[in-house]
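Here is the file structure21.cif (mmCIF, C-alpha atoms).
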data_query
loop_
_atom_site.label_atom_id
_atom_site.label_comp_id
_atom_site.auth_asym_id
_atom_site.auth_seq_id
_atom_site.Cartn_x
_atom_site.Cartn_y
_atom_site.Cartn_z
CA MET A 1 2.52 21.88 22.03
CA LEU A 2 3.71 24.97 20.16
CA ASP A 3 6.65 25.31 22.58
CA ALA A 4 7.69 21.75 21.70
CA ILE A 5 8.25 22.69 18.05
CA ILE A 6 9.37 26.30 18.49
CA GLY A 7 12.91 25.52 17.34
CA VAL A 8 12.03 23.26 14.41
CA GLY A 9 13.02 24.91 11.13
CA ARG A 10 13.75 28.25 12.78
CA ASP A 11 16.44 30.41 11.22
CA LYS A 12 18.69 31.89 13.91
CA ALA A 13 19.44 35.03 11.94
CA SER A 14 15.90 36.05 10.96
CA GLY A 15 13.91 34.33 13.70
CA GLY A 16 11.52 33.08 11.00
CA TYR A 17 10.68 29.55 9.95
CA ARG A 18 11.77 27.60 6.87
CA ARG A 19 9.50 24.60 7.09
CA PHE A 20 9.19 23.61 3.45
CA ALA A 21 7.52 20.52 2.04
CA TRP A 22 9.56 17.39 2.74
CA ASN A 23 12.65 19.18 4.07
CA ASP A 24 14.25 18.09 7.35
CA ALA A 25 12.10 20.46 9.41
CA ASP A 26 8.95 19.16 7.76
CA MET A 27 9.95 15.58 8.51
CA LEU A 28 10.46 16.45 12.21
CA LEU A 29 7.03 18.10 12.30
CA ARG A 30 5.51 14.98 10.79
CA GLU A 31 7.02 12.95 13.62
CA TRP A 32 5.67 15.47 16.13
CA PHE A 33 2.17 15.12 14.67
CA VAL A 34 2.31 11.33 14.89
CA GLY A 35 3.53 11.59 18.49
CA GLU A 36 0.71 13.95 19.52
CA ALA A 37 -1.83 11.62 17.96
CA ALA A 38 -0.30 8.58 19.65
CA GLU A 39 -0.53 10.28 23.06
CA ARG A 40 -4.28 10.53 22.46
CA CYS A 41 -4.61 7.01 21.00
CA MET A 42 -5.67 8.47 17.67
CA GLU A 43 -4.95 6.48 14.53
CA VAL A 44 -2.82 8.36 11.99
CA VAL A 45 -3.30 7.87 8.26
CA GLU A 46 -0.96 9.48 5.74
CA ASP A 47 -2.27 9.58 2.20
CA GLY A 48 -0.14 9.44 -0.93
CA ASN A 49 0.09 13.24 -1.02
CA GLY A 50 1.66 13.54 2.42
CA ASN A 51 -1.47 14.76 4.21
CA GLN A 52 -1.64 13.38 7.76
CA LEU A 53 -4.95 12.65 9.49
CA ALA A 54 -5.40 11.60 13.13
CA TRP A 55 -8.76 9.90 13.75
CA TRP A 56 -10.83 9.96 16.94
CA GLY A 57 -13.37 7.28 16.08
CA THR A 58 -14.09 5.56 12.78
CA GLY A 59 -16.72 5.75 10.07
CA ASP A 60 -18.00 8.31 7.61
CA ASP A 61 -19.50 11.82 7.89
CA ALA A 62 -16.45 12.80 9.96
CA LEU A 63 -15.88 16.28 11.36
CA LEU A 64 -12.46 17.41 10.12
CA LEU A 65 -10.36 19.93 12.07
CA GLY A 66 -6.74 21.02 11.67
CA SER A 67 -4.57 23.07 9.33
CA HIS A 68 -0.94 22.78 8.15
CA LEU A 69 2.59 22.80 9.58
CA ASP A 70 4.71 24.13 6.70
CA SER A 71 5.70 27.78 6.31
CA VAL A 72 6.68 30.44 3.82
CA PRO A 73 10.35 31.50 3.83
CA ASP A 74 10.98 33.14 7.22
CA GLY A 75 7.34 32.70 8.20
CA GLY A 76 5.81 33.00 11.63
CA ALA A 77 5.13 30.43 14.33
CA PHE A 78 1.32 30.53 14.21
CA ASP A 79 0.31 30.33 10.54
CA GLY A 80 -0.75 26.70 10.31
CA PRO A 81 0.59 25.13 13.52
CA LEU A 82 -1.90 27.05 15.68
CA GLY A 83 -4.78 25.28 13.95
CA VAL A 84 -3.24 21.83 14.38
CA ALA A 85 -2.26 22.29 18.04
CA SER A 86 -5.60 23.92 18.90
CA SER A 87 -7.47 20.96 17.43
CA PHE A 88 -5.56 18.50 19.61
CA ALA A 89 -6.10 20.78 22.62
CA ALA A 90 -9.85 20.92 21.94
CA ILE A 91 -9.98 17.13 21.91
CA ASP A 92 -8.15 17.08 25.25
CA ARG A 93 -10.78 19.38 26.78
CA LEU A 94 -13.66 17.38 25.33
CA ARG A 95 -12.29 14.10 26.64
CA ALA A 96 -11.66 15.62 30.07
CA GLU A 97 -15.35 16.52 30.15
CA GLY A 98 -16.31 12.97 29.19
CA PHE A 99 -17.65 14.03 25.80
CA VAL A 100 -18.27 11.23 23.30
CA PRO A 101 -18.72 12.45 19.72
CA SER A 102 -21.60 11.23 17.60
CA ARG A 103 -19.38 11.18 14.51
CA PRO A 104 -15.64 10.73 13.99
CA VAL A 105 -13.49 13.78 14.74
CA VAL A 106 -10.31 14.06 12.69
CA VAL A 107 -7.29 16.36 13.04
CA ALA A 108 -5.47 17.04 9.77
CA SER A 109 -2.06 18.38 8.91
CA PHE A 110 -2.16 19.20 5.21
CA ALA A 111 1.01 18.92 3.14
CA ASP A 112 2.61 21.88 1.37
CA GLU A 113 -0.13 24.43 2.04
CA GLU A 114 2.16 27.39 1.43
CA GLY A 115 3.67 26.07 -1.80
CA ALA A 116 7.03 27.55 -0.79
CA ARG A 117 9.11 24.74 -2.26
CA PHE A 118 7.30 23.63 -5.43
CA GLY A 119 5.27 26.72 -6.26
CA ILE A 120 1.70 25.41 -5.91
CA ALA A 121 -0.22 26.55 -2.85
CA CYS A 122 -2.44 24.06 -1.02
CA ALA A 123 -0.90 21.25 -3.06
CA GLY A 124 -1.76 18.54 -0.52
CA SER A 125 -5.43 19.42 -0.23
CA GLN A 126 -5.74 20.06 -3.97
CA LEU A 127 -4.33 16.63 -4.76
CA ALA A 128 -6.53 14.95 -2.15
CA ALA A 129 -9.63 16.63 -3.58
CA GLY A 130 -8.70 15.67 -7.13
CA VAL A 131 -8.43 19.24 -8.45
CA LEU A 132 -4.67 19.16 -9.09
CA GLU A 133 -3.35 16.73 -11.68
CA PRO A 134 -0.77 14.37 -10.11
CA ALA A 135 1.45 14.53 -13.19
CA ARG A 136 1.66 18.30 -12.96
CA ALA A 137 2.42 18.23 -9.24
CA LEU A 138 5.07 15.53 -9.56
CA ALA A 139 6.86 17.46 -12.30
CA GLN A 140 7.19 20.67 -10.25
CA ARG A 141 10.80 21.52 -9.42
CA ASP A 142 12.25 23.23 -6.38
CA ARG A 143 15.07 25.80 -6.51
CA GLU A 144 17.65 23.01 -6.51
CA GLY A 145 16.08 21.49 -9.64
CA LEU A 146 14.59 18.48 -7.83
CA THR A 147 11.11 17.37 -8.86
CA LEU A 148 8.44 16.54 -6.30
CA ALA A 149 8.56 12.95 -7.57
CA GLU A 150 12.29 12.73 -6.82
CA VAL A 151 11.84 14.23 -3.37
CA LEU A 152 9.03 11.81 -2.51
CA VAL A 153 11.19 8.83 -3.47
CA ASP A 154 14.05 10.22 -1.39
CA ARG A 155 11.69 10.42 1.61
CA GLY A 156 10.48 6.86 1.17
CA ARG A 157 7.14 7.71 -0.45
CA ASP A 158 5.65 6.32 -3.66
CA PRO A 159 4.89 8.96 -6.32
CA ARG A 160 2.37 6.56 -7.85
CA ALA A 161 0.18 7.07 -4.76
CA VAL A 162 -0.21 10.81 -5.41
CA GLY A 163 -3.76 11.83 -6.29
CA ARG A 164 -7.34 11.88 -5.02
CA ALA A 165 -7.52 10.52 -1.47
CA ASP A 166 -9.98 7.86 -0.30
CA TRP A 167 -10.52 9.65 3.02
CA MET A 168 -12.27 12.53 1.26
CA ALA A 169 -15.38 10.37 0.92
CA ASP A 170 -15.58 10.02 4.72
CA ILE A 171 -15.51 13.75 5.53
CA GLY A 172 -18.82 15.46 6.21
CA THR A 173 -17.69 18.88 7.50
CA PHE A 174 -14.41 20.77 7.78
CA VAL A 175 -13.68 23.59 10.24
CA GLU A 176 -10.19 25.10 10.04
CA LEU A 177 -8.83 27.37 12.78
CA HIS A 178 -6.13 29.85 11.74
CA VAL A 179 -4.38 32.91 13.09
CA GLU A 180 -5.87 36.02 11.51
CA GLN A 181 -3.80 37.57 8.73
CA GLY A 182 -4.91 41.15 9.26
CA ARG A 183 -6.34 43.35 12.03
CA SER A 184 -10.12 43.03 11.67
CA LEU A 185 -10.46 41.28 15.04
CA VAL A 186 -8.39 43.96 16.75
CA HIS A 187 -10.88 46.53 15.56
CA SER A 188 -13.88 44.38 16.53
CA ASP A 189 -12.48 43.65 20.01
CA SER A 190 -13.20 39.94 19.65
CA PRO A 191 -10.61 37.15 20.08
CA VAL A 192 -12.25 34.84 17.52
CA GLY A 193 -13.95 35.48 14.18
CA VAL A 194 -15.67 33.43 11.48
CA ALA A 195 -14.64 33.64 7.82
CA SER A 196 -17.13 34.67 5.16
CA ALA A 197 -15.13 34.27 1.95
CA ILE A 198 -11.69 34.05 0.36
CA TRP A 199 -10.68 36.33 -2.49
CA PRO A 200 -9.69 34.66 -5.78
CA HIS A 201 -5.93 34.67 -6.21
CA GLY A 202 -3.10 33.17 -8.18
CA ARG A 203 0.60 33.05 -8.95
CA TRP A 204 2.16 34.01 -12.26
CA ARG A 205 5.77 33.88 -13.46
CA LEU A 206 7.03 36.64 -15.74
CA ASP A 207 10.21 36.01 -17.73
CA PHE A 208 11.86 39.24 -18.90
CA CYS A 209 14.55 38.42 -21.50
CA GLY A 210 17.28 40.63 -22.93
CA GLU A 211 20.99 40.38 -23.66
CA ALA A 212 23.81 39.84 -21.20
CA ASN A 213 26.67 42.28 -21.56
CA HIS A 214 29.44 44.06 -19.72
CA ALA A 215 28.27 46.60 -17.13
CA GLY A 216 31.19 48.92 -17.78
CA ALA A 217 31.90 48.57 -21.47
CA THR A 218 28.32 48.72 -22.79
CA GLU A 219 26.88 52.16 -23.47
CA MET A 220 23.50 52.83 -21.91
CA ALA A 221 21.90 53.35 -25.34
CA ASP A 222 23.22 49.99 -26.57
CA ARG A 223 21.77 47.88 -23.78
CA ARG A 224 18.95 45.36 -23.89
CA ASP A 225 18.49 45.20 -20.14
CA PRO A 226 15.42 43.20 -18.98
CA MET A 227 15.72 44.66 -15.48
CA LEU A 228 14.24 47.93 -16.75
CA ALA A 229 10.96 46.35 -17.87
CA TYR A 230 10.81 44.39 -14.64
CA ALA A 231 11.25 47.56 -12.58
CA ALA A 232 8.55 49.33 -14.59
CA THR A 233 6.24 46.36 -14.01
CA VAL A 234 6.73 46.43 -10.24
CA LEU A 235 5.79 50.10 -10.14
CA ALA A 236 2.81 49.46 -12.42
CA ALA A 237 1.63 46.62 -10.17
CA ARG A 238 1.40 48.95 -7.19
CA GLU A 239 -0.42 51.59 -9.22
CA ILE A 240 -2.94 49.21 -10.81
CA ALA A 241 -3.67 47.25 -7.62
CA THR A 242 -4.10 50.42 -5.55
CA GLU A 243 -6.59 51.86 -8.02
CA ALA A 244 -8.58 48.60 -8.07
CA ASP A 245 -8.42 48.03 -4.28
CA ALA A 246 -6.75 44.71 -5.11
CA ARG A 247 -3.39 43.15 -4.21
CA ALA A 248 -0.31 42.66 -6.39
CA THR A 249 3.04 41.55 -5.02
CA PHE A 250 6.39 40.59 -6.50
CA GLY A 251 8.02 38.65 -3.68
CA ARG A 252 10.50 36.45 -5.51
CA LEU A 253 13.10 37.29 -8.12
CA GLU A 254 15.84 35.41 -9.99
CA VAL A 255 18.41 37.20 -12.13
CA GLU A 256 20.68 35.55 -14.71
CA PRO A 257 23.62 35.42 -14.90
CA GLY A 258 23.57 37.20 -11.54
CA GLY A 259 26.87 39.08 -11.73
CA THR A 260 27.24 42.50 -10.14
CA ASN A 261 29.19 43.73 -13.16
CA ALA A 262 26.97 42.07 -15.79
CA ILE A 263 23.81 43.28 -17.50
CA PRO A 264 21.21 40.53 -16.97
CA SER A 265 20.10 38.26 -19.79
CA ARG A 266 16.98 37.19 -17.94
CA VAL A 267 14.94 38.41 -15.00
CA ARG A 268 12.43 35.88 -13.71
CA ALA A 269 9.84 37.31 -11.33
CA TRP A 270 6.85 35.83 -9.54
CA LEU A 271 3.60 37.76 -9.16
CA ASP A 272 1.04 37.06 -6.45
CA ALA A 273 -2.24 38.76 -7.38
CA ARG A 274 -5.57 38.85 -5.50
CA ALA A 275 -8.85 40.70 -5.94
CA ALA A 276 -12.39 40.77 -4.62
CA ASP A 277 -13.82 38.85 -7.61
CA GLU A 278 -12.67 36.92 -10.67
CA GLY A 279 -13.34 39.77 -13.08
CA ALA A 280 -11.27 42.20 -11.07
CA LEU A 281 -8.43 39.68 -10.83
CA ASP A 282 -8.46 39.05 -14.59
CA ARG A 283 -8.40 42.79 -15.32
CA LEU A 284 -5.55 43.31 -12.86
CA VAL A 285 -3.34 40.67 -14.47
CA GLU A 286 -4.24 41.60 -18.05
CA THR A 287 -3.56 45.29 -17.47
CA LEU A 288 -0.28 44.57 -15.72
CA VAL A 289 0.94 42.22 -18.46
CA ALA A 290 0.07 44.80 -21.11
CA ARG A 291 2.13 47.40 -19.22
CA ALA A 292 5.01 44.92 -18.90
CA ALA A 293 4.92 44.13 -22.63
CA ALA A 294 4.94 47.82 -23.55
CA ALA A 295 7.91 48.48 -21.27
CA ALA A 296 9.81 45.51 -22.69
CA GLN A 297 9.15 46.54 -26.28
CA ALA A 298 10.43 50.04 -25.58
CA ASP A 299 13.71 48.59 -24.29
CA GLY A 300 14.19 45.98 -27.02
CA THR A 301 13.49 43.12 -24.62
CA THR A 302 10.66 40.60 -24.26
CA VAL A 303 8.37 39.28 -21.55
CA GLU A 304 6.47 36.00 -21.28
CA LEU A 305 3.73 35.12 -18.77
CA THR A 306 3.17 31.68 -17.24
CA GLN A 307 0.34 30.98 -14.81
CA GLU A 308 1.56 28.64 -12.08
CA SER A 309 -1.56 28.41 -9.92
CA HIS A 310 -5.05 29.82 -9.53
CA SER A 311 -7.51 29.57 -6.66
CA PRO A 312 -11.07 30.68 -7.42
CA ALA A 313 -13.22 32.79 -5.14
CA VAL A 314 -14.61 30.91 -2.15
CA GLN A 315 -17.86 31.59 -0.34
CA PHE A 316 -17.95 29.43 2.77
CA ALA A 317 -21.18 27.47 3.35
CA PRO A 318 -23.60 30.22 4.45
CA ALA A 319 -25.66 28.02 6.76
CA LEU A 320 -22.58 26.66 8.54
CA ARG A 321 -20.96 30.08 8.68
CA ASP A 322 -24.05 31.68 10.23
CA GLN A 323 -24.49 28.74 12.61
CA LEU A 324 -20.97 29.12 13.97
CA ALA A 325 -21.11 32.91 14.11
CA THR A 326 -24.26 32.67 16.24
CA LEU A 327 -22.88 29.84 18.36
CA LEU A 328 -19.69 31.74 19.15
CA ASP A 329 -21.17 35.25 19.07
CA ALA A 330 -18.32 36.06 16.71
CA PRO A 331 -17.92 38.63 13.94
CA VAL A 332 -17.86 37.50 10.30
CA LEU A 333 -14.95 38.73 8.17
CA PRO A 334 -13.46 38.07 4.71
CA THR A 335 -9.87 37.14 3.98
CA GLY A 336 -7.52 37.73 1.09
CA ALA A 337 -5.39 34.72 2.06
CA GLY A 338 -5.76 31.22 0.66
CA HIS A 339 -6.28 28.15 2.84
CA ASP A 340 -6.89 24.41 2.61
CA ALA A 341 -10.42 25.18 3.77
CA GLY A 342 -10.90 27.09 0.54
CA VAL A 343 -9.99 24.00 -1.48
CA LEU A 344 -12.22 21.61 0.45
CA SER A 345 -15.15 24.05 0.46
CA ALA A 346 -16.05 22.91 -3.07
CA HIS A 347 -16.47 19.36 -1.81
CA VAL A 348 -17.81 19.48 1.77
CA PRO A 349 -19.46 22.15 3.97
CA THR A 350 -16.52 24.16 5.27
CA ALA A 351 -15.95 26.99 7.73
CA MET A 352 -12.98 28.88 9.15
CA LEU A 353 -12.28 30.39 12.54
CA PHE A 354 -9.71 33.15 13.00
CA VAL A 355 -7.79 33.90 16.19
CA ARG A 356 -6.89 37.53 16.81
CA ASN A 357 -3.45 38.70 15.72
CA PRO A 358 -2.70 42.04 17.43
CA THR A 359 0.20 42.85 15.10
CA GLY A 360 -1.85 42.23 11.96
CA ILE A 361 1.37 40.83 10.48
CA SER A 362 1.61 37.37 8.94
CA HIS A 363 4.15 35.43 6.85
CA SER A 364 6.75 37.06 9.09
CA PRO A 365 8.43 36.41 12.45
CA GLN A 366 6.31 39.28 13.82
CA GLU A 367 3.16 37.17 13.47
CA TRP A 368 1.69 36.65 16.93
CA ALA A 369 -1.30 35.72 19.06
CA SER A 370 -1.60 35.98 22.84
CA GLU A 371 -1.95 32.88 24.99
CA ALA A 372 -5.38 34.09 26.16
CA ASP A 373 -6.61 34.44 22.58
CA CYS A 374 -5.19 31.04 21.63
CA VAL A 375 -7.11 29.52 24.54
CA ALA A 376 -10.22 31.35 23.34
CA GLY A 377 -9.69 29.67 19.98
CA VAL A 378 -9.52 26.26 21.64
CA ARG A 379 -12.73 26.98 23.56
CA ALA A 380 -14.37 27.99 20.29
CA LEU A 381 -13.35 24.68 18.72
CA VAL A 382 -14.74 22.83 21.76
CA SER A 383 -18.08 24.56 21.24
CA VAL A 384 -18.00 23.77 17.53
CA VAL A 385 -17.36 20.07 18.09
CA LYS A 386 -20.10 19.87 20.69
CA ASP A 387 -22.51 21.55 18.29
CA LEU A 388 -21.57 19.60 15.15
CA ALA A 389 -20.74 16.23 16.71
#

Is it possible to give me this structure as structure tokens?
Amino acid sequence: MLDAIIGVGRDKASGGYRRFAWNDADMLLREWFVGEAAERCMEVVEDGNGNQLAWWGTGDDALLLGSHLDSVPDGGAFDGPLGVASSFAAIDRLRAEGFVPSRPVVVASFADEEGARFGIACAGSQLAAGVLEPARALAQRDREGLTLAEVLVDRGRDPRAVGRADWMADIGTFVELHVEQGRSLVHSDSPVGVASAIWPHGRWRLDFCGEANHAGATEMADRRDPMLAYAATVLAAREIATEADARATFGRLEVEPGGTNAIPSRVRAWLDARAADEGALDRLVETLVARAAAAAQADGTTVELTQESHSPAVQFAPALRDQLATLLDAPVLPTGAGHDAGVLSAHVPTAMLFVRNPTGISHSPQEWASEADCVAGVRALVSVVKDLA
């Protein structure tokens, strides 16, 4: 199944994937999902948010599996798709054994988990769960200036259908399988692990503003260059996060007017910050913004902070977590990455399984998992379905 989509959205130069919400690659992946479900005679329902669900059986108290198919810019082949393909593969094994579930089993492909196009991570699951306001989501713009509402209309969807999904009431348990984003399983010598918690995290935009001017004619002392405060902030982010054993990353930057021979008038930068608890995250951001403001003031520039998203700390259902760890004889490990499972955990008992990633690299073409470990993940899902359904 993964081989069938290996070329979809792949950039020839980088080898990474650019599968962004509602772009051409995403639309092809949606067709692939429908086709895989049809081969298994599973009914596909797409809610108003773009989440796709393939149902094996009908009724309530369903066991939900799956993950997402979109990617970050130049992302890897496993982050998301491994969970979707493994769920279908687990159903194949169960059916081959003659297994009949006692409750519906559903495979989901959540929309826009990465938030690469419109800036809000886990947008599909957040909308379905009713924790993201539809008006806010629909007003989000991509880098071309298009709103989500405009893109939905262009793809034949109705923006008025965006919001809390009816299917949420029929879900009793959610188990998401995902490639590990780190090397804990390499050190534990186990192909599959069970998640304990997700760190709180968020995205903030910092707008550094100064005065555009000529790069050659303007004396250094006469400049109001916002790039200086930005540079100081990047260095401060590394220092503050390292001291707090937290995470702070500036991974996206826009410079205006963007001329090689022009002093910028504006530097817009996006911060991804994560920490072990909410207090530590708040202190990280507050300290960093204070450092940014001081640097800007010293240079005669300004900085403004806008929070674009926030995901609170998640503790997965302890009873379910321990049940699966015992069932699979698997280690329990935390994660600093966000997932749809983290969103749904506030609404239904939720667990996560991780498949070993020997490189420890994710959100990159170097992300990888061996075929043997992927099969081990499928076997783990088979055991989970047998135990829970």

What separation in Å, quoted to one decimal, exists between CA of Ser86 (chain A) and CA of Arg164 (chain A)?
26.8 Å

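In this model, the gap between CA of Ala346 (chain A) and CA of Glu286 (chain A) comes to 26.7 Å.
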
Name every residue that the PyMOL selection byres ((chain A and resi 158) around 12) selects in this structure, writing the answer as a PyMOL selection string with chains first and numbers rising.
chain A and resi 46-50+138+148-157+159-163

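Remark: for Gly360 (chain A), the closest of the candidate residues A:Val382, A:Leu63, A:Leu185, A:Ala111 is A:Leu185 (distances computed over only C-alpha atoms).
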
Hey, can you check how far CA of Ala25 (chain A) sits from CA of Gly9 (chain A)?
4.9 Å

I want to know what sits within 12 Å of Ala129 (chain A), based on only C-alpha atoms, with residues of the same chain fewer than 4 positions away left out; could you give that as a list in words?
Asp47, Asn49, Asn51, Phe110, Cys122, Ala123, Gly124, Ser125, Glu133, Pro134, Val162, Gly163, Arg164, Ala165, Asp166, Trp167, Met168, Ala169, Ile171, Asp340, Ala341, Gly342, Val343, Leu344, Ser345, Ala346, His347 and Val348 of chain A

Write a file of the selected residues as a CSV table (one decimal), in the coordinates of the input, keeping C-alpha atoms.
chain,number,residue,atom,x,y,z
A,47,ASP,CA,-2.3,9.6,2.2
A,49,ASN,CA,0.1,13.2,-1.0
A,51,ASN,CA,-1.5,14.8,4.2
A,110,PHE,CA,-2.2,19.2,5.2
A,122,CYS,CA,-2.4,24.1,-1.0
A,123,ALA,CA,-0.9,21.2,-3.1
A,124,GLY,CA,-1.8,18.5,-0.5
A,125,SER,CA,-5.4,19.4,-0.2
A,133,GLU,CA,-3.4,16.7,-11.7
A,134,PRO,CA,-0.8,14.4,-10.1
A,162,VAL,CA,-0.2,10.8,-5.4
A,163,GLY,CA,-3.8,11.8,-6.3
A,164,ARG,CA,-7.3,11.9,-5.0
A,165,ALA,CA,-7.5,10.5,-1.5
A,166,ASP,CA,-10.0,7.9,-0.3
A,167,TRP,CA,-10.5,9.6,3.0
A,168,MET,CA,-12.3,12.5,1.3
A,169,ALA,CA,-15.4,10.4,0.9
A,171,ILE,CA,-15.5,13.8,5.5
A,340,ASP,CA,-6.9,24.4,2.6
A,341,ALA,CA,-10.4,25.2,3.8
A,342,GLY,CA,-10.9,27.1,0.5
A,343,VAL,CA,-10.0,24.0,-1.5
A,344,LEU,CA,-12.2,21.6,0.4
A,345,SER,CA,-15.2,24.0,0.5
A,346,ALA,CA,-16.0,22.9,-3.1
A,347,HIS,CA,-16.5,19.4,-1.8
A,348,VAL,CA,-17.8,19.5,1.8

Looking at A:Leu284, A:Ile5, A:Val378, A:Val179, which one is nearest to Trp32 (chain A), with distances taken over only C-alpha atoms?
A:Ile5

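If you measure from each of A:Leu132, A:Leu353, A:Leu177, A:Ala262 to Asn213 (chain A) using all atoms listed in the file, the closest one turns out to be A:Ala262.
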
Could you tell me which residues the PyMOL selection byres ((chain A and resi 367) around 8) returns for this structure, as number ranges by chain?
A: 76-79, 357, 359-366, 368-369

Could you save the residues just selected, with C-alpha atoms, as a compact mmCIF listing (two decimals), in the coordinates of the input?
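Result file part_21.txt:
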# COMPACT_ATOMS: atom_id res chain seq x y z
CA GLY A 76 5.81 33.00 11.63
CA ALA A 77 5.13 30.43 14.33
CA PHE A 78 1.32 30.53 14.21
CA ASP A 79 0.31 30.33 10.54
CA ASN A 357 -3.45 38.70 15.72
CA THR A 359 0.20 42.85 15.10
CA GLY A 360 -1.85 42.23 11.96
CA ILE A 361 1.37 40.83 10.48
CA SER A 362 1.61 37.37 8.94
CA HIS A 363 4.15 35.43 6.85
CA SER A 364 6.75 37.06 9.09
CA PRO A 365 8.43 36.41 12.45
CA GLN A 366 6.31 39.28 13.82
CA TRP A 368 1.69 36.65 16.93
CA ALA A 369 -1.30 35.72 19.06

Evaluate the PyMOL selection byres ((chain A and resi 89) around 12) here and jot the selected residues down as an MDAnalysis selection string.
chainID A and resid 1:2 36:37 39:40 65:66 82:88 90:96 107 374:382

Write out, as an mmCIF file, keeping the file's coordinate frame, the residues just selected, with C-alpha atoms.
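What landed in out_23.cif:
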data_model
loop_
_atom_site.group_PDB
_atom_site.id
_atom_site.type_symbol
_atom_site.label_atom_id
_atom_site.label_comp_id
_atom_site.auth_asym_id
_atom_site.auth_seq_id
_atom_site.Cartn_x
_atom_site.Cartn_y
_atom_site.Cartn_z
ATOM 1 C CA MET A 1 2.520 21.880 22.030
ATOM 2 C CA LEU A 2 3.710 24.970 20.160
ATOM 3 C CA GLU A 36 0.710 13.950 19.520
ATOM 4 C CA ALA A 37 -1.830 11.620 17.960
ATOM 5 C CA GLU A 39 -0.530 10.280 23.060
ATOM 6 C CA ARG A 40 -4.280 10.530 22.460
ATOM 7 C CA LEU A 65 -10.360 19.930 12.070
ATOM 8 C CA GLY A 66 -6.740 21.020 11.670
ATOM 9 C CA LEU A 82 -1.900 27.050 15.680
ATOM 10 C CA GLY A 83 -4.780 25.280 13.950
ATOM 11 C CA VAL A 84 -3.240 21.830 14.380
ATOM 12 C CA ALA A 85 -2.260 22.290 18.040
ATOM 13 C CA SER A 86 -5.600 23.920 18.900
ATOM 14 C CA SER A 87 -7.470 20.960 17.430
ATOM 15 C CA PHE A 88 -5.560 18.500 19.610
ATOM 16 C CA ALA A 90 -9.850 20.920 21.940
ATOM 17 C CA ILE A 91 -9.980 17.130 21.910
ATOM 18 C CA ASP A 92 -8.150 17.080 25.250
ATOM 19 C CA ARG A 93 -10.780 19.380 26.780
ATOM 20 C CA LEU A 94 -13.660 17.380 25.330
ATOM 21 C CA ARG A 95 -12.290 14.100 26.640
ATOM 22 C CA ALA A 96 -11.660 15.620 30.070
ATOM 23 C CA VAL A 107 -7.290 16.360 13.040
ATOM 24 C CA CYS A 374 -5.190 31.040 21.630
ATOM 25 C CA VAL A 375 -7.110 29.520 24.540
ATOM 26 C CA ALA A 376 -10.220 31.350 23.340
ATOM 27 C CA GLY A 377 -9.690 29.670 19.980
ATOM 28 C CA VAL A 378 -9.520 26.260 21.640
ATOM 29 C CA ARG A 379 -12.730 26.980 23.560
ATOM 30 C CA ALA A 380 -14.370 27.990 20.290
ATOM 31 C CA LEU A 381 -13.350 24.680 18.720
ATOM 32 C CA VAL A 382 -14.740 22.830 21.760
#

Might you pull out every residue within 8 Å of region 242-250 of chain A, with all atoms listed in the file counted and same-chain residues fewer than 3 positions away left off, and present them as a ChimeraX atom specification?
/A:234,237-239,253,269-276,280-281,284

Selection to disk with C-alpha atoms, as a tab-separated table (two decimals), in the coordinates of the input:
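New file out_8.tsv:
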chain	number	residue	atom	x	y	z
A	234	VAL	CA	6.73	46.43	-10.24
A	237	ALA	CA	1.63	46.62	-10.17
A	238	ARG	CA	1.40	48.95	-7.19
A	239	GLU	CA	-0.42	51.59	-9.22
A	253	LEU	CA	13.10	37.29	-8.12
A	269	ALA	CA	9.84	37.31	-11.33
A	270	TRP	CA	6.85	35.83	-9.54
A	271	LEU	CA	3.60	37.76	-9.16
A	272	ASP	CA	1.04	37.06	-6.45
A	273	ALA	CA	-2.24	38.76	-7.38
A	274	ARG	CA	-5.57	38.85	-5.50
A	275	ALA	CA	-8.85	40.70	-5.94
A	276	ALA	CA	-12.39	40.77	-4.62
A	280	ALA	CA	-11.27	42.20	-11.07
A	281	LEU	CA	-8.43	39.68	-10.83
A	284	LEU	CA	-5.55	43.31	-12.86

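Each of A:Trp22, A:Phe354, A:Trp55, A:Phe99 was checked against Leu324 (chain A) using all atoms listed in the file; the smallest atom-to-atom distance is that of A:Phe354.
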
Rows by chain and residue number, region 297-356 of chain A within 12 Å of region 219-231 of chain A, shortest pair, all atoms listed in the file, as a Markdown table:
| residue | atom | partner | partner_atom | distance |
| --- | --- | --- | --- | --- |
| A:Gln297 | CA | A:Ala229 | CA | 8.6 |
| A:Ala298 | CA | A:Ala229 | CA | 8.6 |
| A:Asp299 | CA | A:Arg224 | CA | 6.2 |
| A:Gly300 | CA | A:Arg224 | CA | 5.7 |
| A:Thr301 | CA | A:Arg224 | CA | 5.9 |
| A:Thr302 | CA | A:Pro226 | CA | 7.6 |
| A:Val303 | CA | A:Ala229 | CA | 8.4 |
| A:Glu304 | CA | A:Tyr230 | CA | 11.5 |

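Minimum atom-to-atom distances from A:Ser109, A:Ser265, A:Thr218, A:Thr287 to Thr233 (chain A) were compared using all atoms listed in the file, and the lowest value belongs to A:Thr287.
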
Where's the centre, and what are the edge lengths in Å to one decimal, of a box along x, y and z enclosing all listed atoms of region 303-322 of chain A padded 3 Å per side, as AutoDock Vina command-line options?
--center_x -8.6 --center_y 33.0 --center_z -5.7 --size_x 40.0 --size_y 18.6 --size_z 37.8
